[in-house]
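Data block below; observations after.
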Amino acid sequence: MPLPLYLLALAVFAMGTSEFMLAGLLPDIALDLGVTVGTAGVLTSAYATGMIVGAPLVAASARNWPRRPALVGFLLAFAAAHAVGAVSTSFALLFSTRVVAALANAGFLAVALTAAASLVPPDRKGRALAVLLSGTTLATIAGVPGGAVLGTELGWQATFWAVAVLCLPAAVGIRGGIPAGHDAHEATGKPALRTELGRLTRPRLILVMLLGALVNAATFGGLTFLAPVVTDSAGLGELWVSVALVLFGAGSFVGVTVAGRLSDRNPGPVVAVAGPLLLIGWPALAVLAHRPVALFTLVFVQGALSFALGSTLIARVLHEAADAPTMAGSYATAALNVGAAVGPVAAGSTLGTEAGPLGPLYAAGLLVAAALLVAFPFLPVVTGARSGKARL
């Protein structure tokens with residue numbers, strides 16, 4: 001894989017840390033700003049909503065911009081939003097900074113996904129995507145747990161400052177490492193914006209986007225409220241939240257790495273194996289949450305399965321949108337973040353039920369069940385089998 005992919009992954013690491021870090025900071029943010037944990041969870045949905053809206057809009061606006069300046073500009077705007085968030089004293093202001101950060105993240109990721117795909121041959125898109133997403137998975141292993149420890153010791157604001165500072169070396173690396181030859185889109189052969197947007201009417205593309213959204217909704221629904229499961233259901237101290245996040249992140253790294261090697265050649269086994277196991281795993285995690293060993297084991301397994309299946313589906317989005325070269329990344333970003341917006345809201349709504357802190361885990365299971373029910377009649381399309389072309 002070319003070096004620029006790893007420089008992009010470094011920036012995605014900073015952004016992934018921000019996107020996932022609230023899972024370990026929600027209780028402290030809620031207490032400090034005088035809101036409930038469920039209300040604080042809306043910050044995750046706000047971020048995801050900003051990325052849903054921002055991905056297509058920013059990608060459409062920036063489709064003729066030079067890639068390198070666009071990537072650096074989005075990353076610096078992202079850092080600035082976190083600096084303002086770190087000094088926020090009201091929930092409304094913090095909410096606003098999350099939306100701004102999400103717009104910058106959306107622009108960066110939409111351009112980065114397209115750039116990553118252009119740096120490798122078509123038959124290696126899945127592996128390129130795996131490298132790019134490894135920034136997110138490494139963020140869940142190191143960035144998010146580290147942020148949780150930093151937030152516990154120095155306050156949640158310190159974690160926001162850390163993310164802002166982390167963006168600076170990533171910006172320098174991209175500025176110096178992305179070759180000038182990849183800065184601009186070729187003037188010839190690029191479809192008109194209307195043509196690229198028209199690809200969204202294709203049922204095959206809509207299907208894989210919907211499935212990616214449902215699986216990601218389950219992932220974010222379960223992960224966002226993992227802290228109360230560890231501290232309330234399992235009865236462990238706050239520092240054990242970081243352990244759970246590290247295990248989830250380690251699992252996600254394993255899952256996206258393995259899936260990245262399979263999604264180009266034969267994504268069928270990933271879907272066939274990871275889907276049903278993921279469906280079983282979320283309610284099993286709820287049932288066994290009071291047993292720490294089982295809890296942490298299943299957290300690792302769910303991280304692996306969630307990202308294996310999720311990254312495979314997003315790779316399928318890029319394949320189905322291959323003839324929309326400047327907008328394909330935004331379609332994948334939107335699919336990811338529709339799920340990230342819906343998941344915490346759906347999961348958070350269960351906190352007031354008899355299930356209590358375990359409610360989000362059951363909600364995650366239901367979201368995976370919905371994805372499997374939708375996917376089953378169209379498995380050839382989902383797995384990229386040739387026979388699926390006649391079916392949808």
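Residue numbering restarts at 1 in every chain; chains get A, B, ... in the order shown in the structure tokens, and ligands count up from 1 in that same order.
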
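With only C-alpha atoms taken into account, the protein and nucleic acid residues at most 8 Å from A:Ser242 (excluding it and anything under 3 positions from it in its own chain) are Gly24, Val144, Pro145, Gly146, Ala148, Val149, Glu238, Leu239, Leu245 and Val246 of chain A.
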
Write the residues of the preceding selection, restricted to all heavy atoms, as a PDB file, in the first residue's frame.
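Output file result03.pdb follows:
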```pdb
ATOM      1  N   GLY A  24     -16.706   7.120  26.469  1.00  0.00           N
ATOM      2  CA  GLY A  24     -16.095   7.095  27.790  1.00  0.00           C
ATOM      3  C   GLY A  24     -16.233   8.390  28.567  1.00  0.00           C
ATOM      4  O   GLY A  24     -15.813   8.467  29.722  1.00  0.00           O
ATOM      5  N   VAL A 144      -9.303   6.387  22.009  1.00  0.00           N
ATOM      6  CA  VAL A 144     -10.504   6.507  22.848  1.00  0.00           C
ATOM      7  C   VAL A 144     -10.235   6.102  24.297  1.00  0.00           C
ATOM      8  O   VAL A 144     -10.591   6.833  25.227  1.00  0.00           O
ATOM      9  CB  VAL A 144     -11.661   5.686  22.244  1.00  0.00           C
ATOM     10  CG1 VAL A 144     -12.876   5.700  23.163  1.00  0.00           C
ATOM     11  CG2 VAL A 144     -12.032   6.256  20.879  1.00  0.00           C
ATOM     12  N   PRO A 145      -9.612   4.938  24.552  1.00  0.00           N
ATOM     13  CA  PRO A 145      -9.308   4.607  25.949  1.00  0.00           C
ATOM     14  C   PRO A 145      -8.361   5.617  26.593  1.00  0.00           C
ATOM     15  O   PRO A 145      -8.526   5.987  27.759  1.00  0.00           O
ATOM     16  CB  PRO A 145      -8.659   3.224  25.856  1.00  0.00           C
ATOM     17  CG  PRO A 145      -9.135   2.667  24.564  1.00  0.00           C
ATOM     18  CD  PRO A 145      -9.244   3.832  23.644  1.00  0.00           C
ATOM     19  N   GLY A 146      -7.357   6.068  25.816  1.00  0.00           N
ATOM     20  CA  GLY A 146      -6.467   7.087  26.352  1.00  0.00           C
ATOM     21  C   GLY A 146      -7.217   8.355  26.681  1.00  0.00           C
ATOM     22  O   GLY A 146      -6.965   9.004  27.708  1.00  0.00           O
ATOM     23  N   ALA A 148     -10.359   8.479  27.508  1.00  0.00           N
ATOM     24  CA  ALA A 148     -11.185   8.205  28.688  1.00  0.00           C
ATOM     25  C   ALA A 148     -10.370   8.351  29.968  1.00  0.00           C
ATOM     26  O   ALA A 148     -10.831   8.928  30.957  1.00  0.00           O
ATOM     27  CB  ALA A 148     -11.786   6.801  28.592  1.00  0.00           C
ATOM     28  N   VAL A 149      -9.127   7.838  29.950  1.00  0.00           N
ATOM     29  CA  VAL A 149      -8.254   7.978  31.123  1.00  0.00           C
ATOM     30  C   VAL A 149      -7.917   9.446  31.353  1.00  0.00           C
ATOM     31  O   VAL A 149      -7.964   9.946  32.489  1.00  0.00           O
ATOM     32  CB  VAL A 149      -6.968   7.156  30.933  1.00  0.00           C
ATOM     33  CG1 VAL A 149      -5.980   7.447  32.055  1.00  0.00           C
ATOM     34  CG2 VAL A 149      -7.291   5.669  30.889  1.00  0.00           C
ATOM     35  N   GLU A 238     -14.644   3.191  37.096  1.00  0.00           N
ATOM     36  CA  GLU A 238     -14.632   3.944  35.850  1.00  0.00           C
ATOM     37  C   GLU A 238     -13.446   3.584  34.957  1.00  0.00           C
ATOM     38  O   GLU A 238     -13.561   3.608  33.730  1.00  0.00           O
ATOM     39  CB  GLU A 238     -14.623   5.443  36.141  1.00  0.00           C
ATOM     40  CG  GLU A 238     -15.944   5.986  36.670  1.00  0.00           C
ATOM     41  CD  GLU A 238     -15.945   7.490  36.755  1.00  0.00           C
ATOM     42  OE1 GLU A 238     -14.930   8.107  36.355  1.00  0.00           O
ATOM     43  OE2 GLU A 238     -16.944   8.054  37.208  1.00  0.00           O
ATOM     44  N   LEU A 239     -12.308   3.267  35.535  1.00  0.00           N
ATOM     45  CA  LEU A 239     -11.141   2.946  34.715  1.00  0.00           C
ATOM     46  C   LEU A 239     -11.339   1.668  33.902  1.00  0.00           C
ATOM     47  O   LEU A 239     -10.670   1.469  32.881  1.00  0.00           O
ATOM     48  CB  LEU A 239      -9.890   2.827  35.588  1.00  0.00           C
ATOM     49  CG  LEU A 239      -9.354   4.147  36.169  1.00  0.00           C
ATOM     50  CD1 LEU A 239      -8.135   3.894  37.044  1.00  0.00           C
ATOM     51  CD2 LEU A 239      -9.006   5.131  35.053  1.00  0.00           C
ATOM     52  N   LEU A 245     -13.143  -0.353  26.227  1.00  0.00           N
ATOM     53  CA  LEU A 245     -12.954   0.340  24.959  1.00  0.00           C
ATOM     54  C   LEU A 245     -11.722  -0.173  24.215  1.00  0.00           C
ATOM     55  O   LEU A 245     -11.734  -0.293  22.987  1.00  0.00           O
ATOM     56  CB  LEU A 245     -12.839   1.845  25.209  1.00  0.00           C
ATOM     57  CG  LEU A 245     -14.115   2.528  25.728  1.00  0.00           C
ATOM     58  CD1 LEU A 245     -13.836   3.983  26.071  1.00  0.00           C
ATOM     59  CD2 LEU A 245     -15.239   2.427  24.700  1.00  0.00           C
ATOM     60  N   VAL A 246     -10.664  -0.465  24.959  1.00  0.00           N
ATOM     61  CA  VAL A 246      -9.463  -1.033  24.329  1.00  0.00           C
ATOM     62  C   VAL A 246      -9.791  -2.371  23.676  1.00  0.00           C
ATOM     63  O   VAL A 246      -9.387  -2.653  22.530  1.00  0.00           O
ATOM     64  CB  VAL A 246      -8.328  -1.209  25.359  1.00  0.00           C
ATOM     65  CG1 VAL A 246      -7.214  -2.080  24.783  1.00  0.00           C
ATOM     66  CG2 VAL A 246      -7.760   0.143  25.773  1.00  0.00           C
TER      67      VAL A 246
END
```

Item to check | Å distance separating atom CA of A:Gly268 from atom CA of A:Glu320, one decimal place | outcome: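 Atom CA of A:Glu320 lies 15.6 Å from atom CA of A:Gly268.
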
Next on the checklist: Taking the DSSP secondary structure from the backbone, can you list the residues of stretch 146-369 of chain A that are alpha helix (DSSP H), as a VMD selection string?
Outcome noted: chain A and resid 146 to 154 156 to 177 193 to 198 203 to 224 226 to 228 239 to 262 268 to 287 292 to 320 328 to 348 359 to 369

Next on the checklist: Can you pull out the residues contacting stretch 38-43 of chain A? Cut-off 9 Å, using only C-alpha atoms, and skip same-chain residues under 4 positions away; I want them as a VMD selection string.
Outcome noted: chain A and resid 22 to 23 26 to 27 29 to 30 33 47 to 48 91 94 to 95 98 to 99 224 to 225 341 344 to 345 348 to 349 351

Checklist entry - With distances taken over only C-alpha atoms, which of A:Ala234, A:Ala227, A:Ala70, A:Val215 is nearest to A:Ala115? => result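 So, comparing all the options, the nearest one is A:Ala70.
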
Item to check | Atom-to-atom span, atom CA of A:Arg204 and atom CA of A:Gly339, Å | outcome: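 Answer for the atom CA of A:Arg204 to atom CA of A:Gly339 separation: 18.3 Å.
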
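Among the candidates A:Phe253, A:Asp28, A:Gly107, A:Gly221, the residue lying nearest to A:Gly151 is A:Asp28 (atoms considered: only C-alpha atoms).
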
Next on the checklist: Can you pull out the residues contacting A:Ser306? Cut-off 12 Å, using only C-alpha atoms, and skip same-chain residues under 2 positions away; I want them as a PyMOL selection string.
Outcome noted: chain A and resi 137+212-223+248-256+259+270-271+273-279+281-282+298-304+308-313+364-365+367-368

Just write the chosen residues, N, CA and C atoms, as a short mmCIF file (atom, residue, chain, number, x, y, z; two decimals), in the first residue's frame.
```
data_model
loop_
_atom_site.label_atom_id
_atom_site.label_comp_id
_atom_site.auth_asym_id
_atom_site.auth_seq_id
_atom_site.Cartn_x
_atom_site.Cartn_y
_atom_site.Cartn_z
N THR A 137 -10.03 2.19 13.77
CA THR A 137 -9.93 1.07 14.70
C THR A 137 -8.80 1.28 15.70
N GLY A 212 -25.33 -0.97 5.40
CA GLY A 212 -24.22 -0.37 6.13
C GLY A 212 -24.71 0.53 7.24
N ALA A 213 -25.78 1.28 6.98
CA ALA A 213 -26.35 2.17 7.99
C ALA A 213 -26.90 1.38 9.17
N LEU A 214 -27.62 0.29 8.91
CA LEU A 214 -28.21 -0.50 9.99
C LEU A 214 -27.15 -1.15 10.87
N VAL A 215 -26.12 -1.71 10.24
CA VAL A 215 -25.05 -2.34 11.02
C VAL A 215 -24.30 -1.30 11.84
N ASN A 216 -24.05 -0.14 11.25
CA ASN A 216 -23.34 0.90 11.99
C ASN A 216 -24.22 1.48 13.11
N ALA A 217 -25.53 1.50 12.90
CA ALA A 217 -26.43 1.94 13.96
C ALA A 217 -26.32 1.01 15.16
N ALA A 218 -26.25 -0.28 14.91
CA ALA A 218 -26.08 -1.23 16.00
C ALA A 218 -24.74 -1.02 16.71
N THR A 219 -23.69 -0.79 15.92
CA THR A 219 -22.36 -0.58 16.51
C THR A 219 -22.34 0.63 17.41
N PHE A 220 -22.84 1.75 16.92
CA PHE A 220 -22.82 2.98 17.71
C PHE A 220 -23.84 2.94 18.85
N GLY A 221 -24.96 2.27 18.61
CA GLY A 221 -25.95 2.15 19.68
C GLY A 221 -25.40 1.40 20.88
N GLY A 222 -24.68 0.31 20.62
CA GLY A 222 -24.09 -0.45 21.72
C GLY A 222 -22.88 0.23 22.32
N LEU A 223 -22.01 0.81 21.47
CA LEU A 223 -20.76 1.38 21.96
C LEU A 223 -20.97 2.67 22.75
N PHE A 248 -12.75 -3.49 22.67
CA PHE A 248 -13.61 -3.27 21.51
C PHE A 248 -12.78 -2.80 20.33
N GLY A 249 -11.85 -1.87 20.60
CA GLY A 249 -11.00 -1.37 19.54
C GLY A 249 -10.07 -2.42 18.98
N ALA A 250 -9.51 -3.26 19.85
CA ALA A 250 -8.64 -4.34 19.38
C ALA A 250 -9.42 -5.30 18.49
N GLY A 251 -10.63 -5.61 18.91
CA GLY A 251 -11.47 -6.47 18.08
C GLY A 251 -11.79 -5.84 16.75
N SER A 252 -12.09 -4.54 16.75
CA SER A 252 -12.42 -3.86 15.51
C SER A 252 -11.23 -3.84 14.55
N PHE A 253 -10.02 -3.70 15.09
CA PHE A 253 -8.83 -3.72 14.25
C PHE A 253 -8.66 -5.10 13.59
N VAL A 254 -8.86 -6.14 14.37
CA VAL A 254 -8.78 -7.49 13.81
C VAL A 254 -9.85 -7.69 12.74
N GLY A 255 -11.07 -7.24 13.05
CA GLY A 255 -12.17 -7.44 12.11
C GLY A 255 -11.97 -6.72 10.79
N VAL A 256 -11.57 -5.45 10.85
CA VAL A 256 -11.42 -4.68 9.61
C VAL A 256 -10.21 -5.15 8.82
N ALA A 259 -11.35 -8.56 7.18
CA ALA A 259 -12.38 -8.29 6.17
C ALA A 259 -11.79 -7.56 4.97
N VAL A 270 -17.76 -13.27 4.81
CA VAL A 270 -17.80 -12.27 5.88
C VAL A 270 -19.24 -11.98 6.27
N VAL A 271 -20.09 -11.78 5.25
CA VAL A 271 -21.50 -11.48 5.52
C VAL A 271 -22.19 -12.68 6.14
N VAL A 273 -20.98 -15.20 7.89
CA VAL A 273 -20.52 -15.58 9.23
C VAL A 273 -20.72 -14.45 10.23
N ALA A 274 -20.27 -13.25 9.88
CA ALA A 274 -20.31 -12.14 10.84
C ALA A 274 -21.74 -11.70 11.15
N GLY A 275 -22.62 -11.74 10.15
CA GLY A 275 -23.99 -11.26 10.38
C GLY A 275 -24.72 -12.02 11.47
N PRO A 276 -24.89 -13.34 11.34
CA PRO A 276 -25.60 -14.09 12.38
C PRO A 276 -24.90 -14.05 13.74
N LEU A 277 -23.57 -14.11 13.75
CA LEU A 277 -22.86 -14.06 15.03
C LEU A 277 -23.04 -12.71 15.71
N LEU A 278 -23.06 -11.66 14.92
CA LEU A 278 -23.29 -10.33 15.48
C LEU A 278 -24.68 -10.23 16.09
N LEU A 279 -25.66 -10.84 15.43
CA LEU A 279 -27.02 -10.85 15.93
C LEU A 279 -27.10 -11.55 17.28
N GLY A 281 -24.55 -11.99 19.36
CA GLY A 281 -23.61 -11.41 20.32
C GLY A 281 -24.16 -10.28 21.15
N TRP A 282 -24.97 -9.39 20.56
CA TRP A 282 -25.46 -8.24 21.34
C TRP A 282 -26.37 -8.65 22.49
N LEU A 298 -16.87 -10.74 25.16
CA LEU A 298 -17.87 -10.42 24.15
C LEU A 298 -17.69 -9.03 23.57
N VAL A 299 -17.18 -8.09 24.36
CA VAL A 299 -16.89 -6.76 23.83
C VAL A 299 -15.87 -6.86 22.71
N PHE A 300 -14.82 -7.66 22.93
CA PHE A 300 -13.81 -7.87 21.89
C PHE A 300 -14.44 -8.50 20.64
N VAL A 301 -15.23 -9.55 20.85
CA VAL A 301 -15.83 -10.25 19.72
C VAL A 301 -16.78 -9.34 18.95
N GLN A 302 -17.59 -8.56 19.65
CA GLN A 302 -18.53 -7.67 18.97
C GLN A 302 -17.80 -6.58 18.20
N GLY A 303 -16.68 -6.10 18.73
CA GLY A 303 -15.89 -5.13 17.98
C GLY A 303 -15.40 -5.71 16.67
N ALA A 304 -14.89 -6.95 16.73
CA ALA A 304 -14.39 -7.61 15.52
C ALA A 304 -15.50 -7.84 14.50
N ALA A 308 -15.87 -5.93 10.91
CA ALA A 308 -15.70 -6.82 9.75
C ALA A 308 -16.89 -6.68 8.81
N LEU A 309 -18.09 -6.77 9.36
CA LEU A 309 -19.28 -6.66 8.54
C LEU A 309 -19.47 -5.25 8.03
N GLY A 310 -19.29 -4.26 8.91
CA GLY A 310 -19.50 -2.87 8.51
C GLY A 310 -18.54 -2.43 7.42
N SER A 311 -17.25 -2.75 7.54
CA SER A 311 -16.28 -2.33 6.52
C SER A 311 -16.51 -3.05 5.20
N THR A 312 -16.97 -4.30 5.26
CA THR A 312 -17.30 -5.02 4.03
C THR A 312 -18.45 -4.36 3.29
N LEU A 313 -19.46 -3.95 4.02
CA LEU A 313 -20.61 -3.28 3.40
C LEU A 313 -20.22 -1.93 2.83
N ALA A 364 -29.27 -2.82 19.87
CA ALA A 364 -28.27 -3.12 18.85
C ALA A 364 -28.58 -4.46 18.18
N GLY A 365 -29.00 -5.44 18.97
CA GLY A 365 -29.37 -6.73 18.39
C GLY A 365 -30.53 -6.61 17.43
N LEU A 367 -31.35 -4.01 15.64
CA LEU A 367 -30.89 -3.33 14.43
C LEU A 367 -30.15 -4.30 13.51
N VAL A 368 -29.34 -5.19 14.07
CA VAL A 368 -28.67 -6.20 13.25
C VAL A 368 -29.70 -7.15 12.65
#
```

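Of note, atom CA of A:Met15 and atom CA of A:Val208 are spaced 24.2 Å apart.
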
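The list of residues with at least one atom within 8 Å of A:Ala112, based on only C-alpha atoms and without residues fewer than 2 positions apart in the same chain, reads Leu8, Leu71, Phe108, Leu109, Ala110, Thr114, Ala115, Ala116 and Gly329 of chain A.
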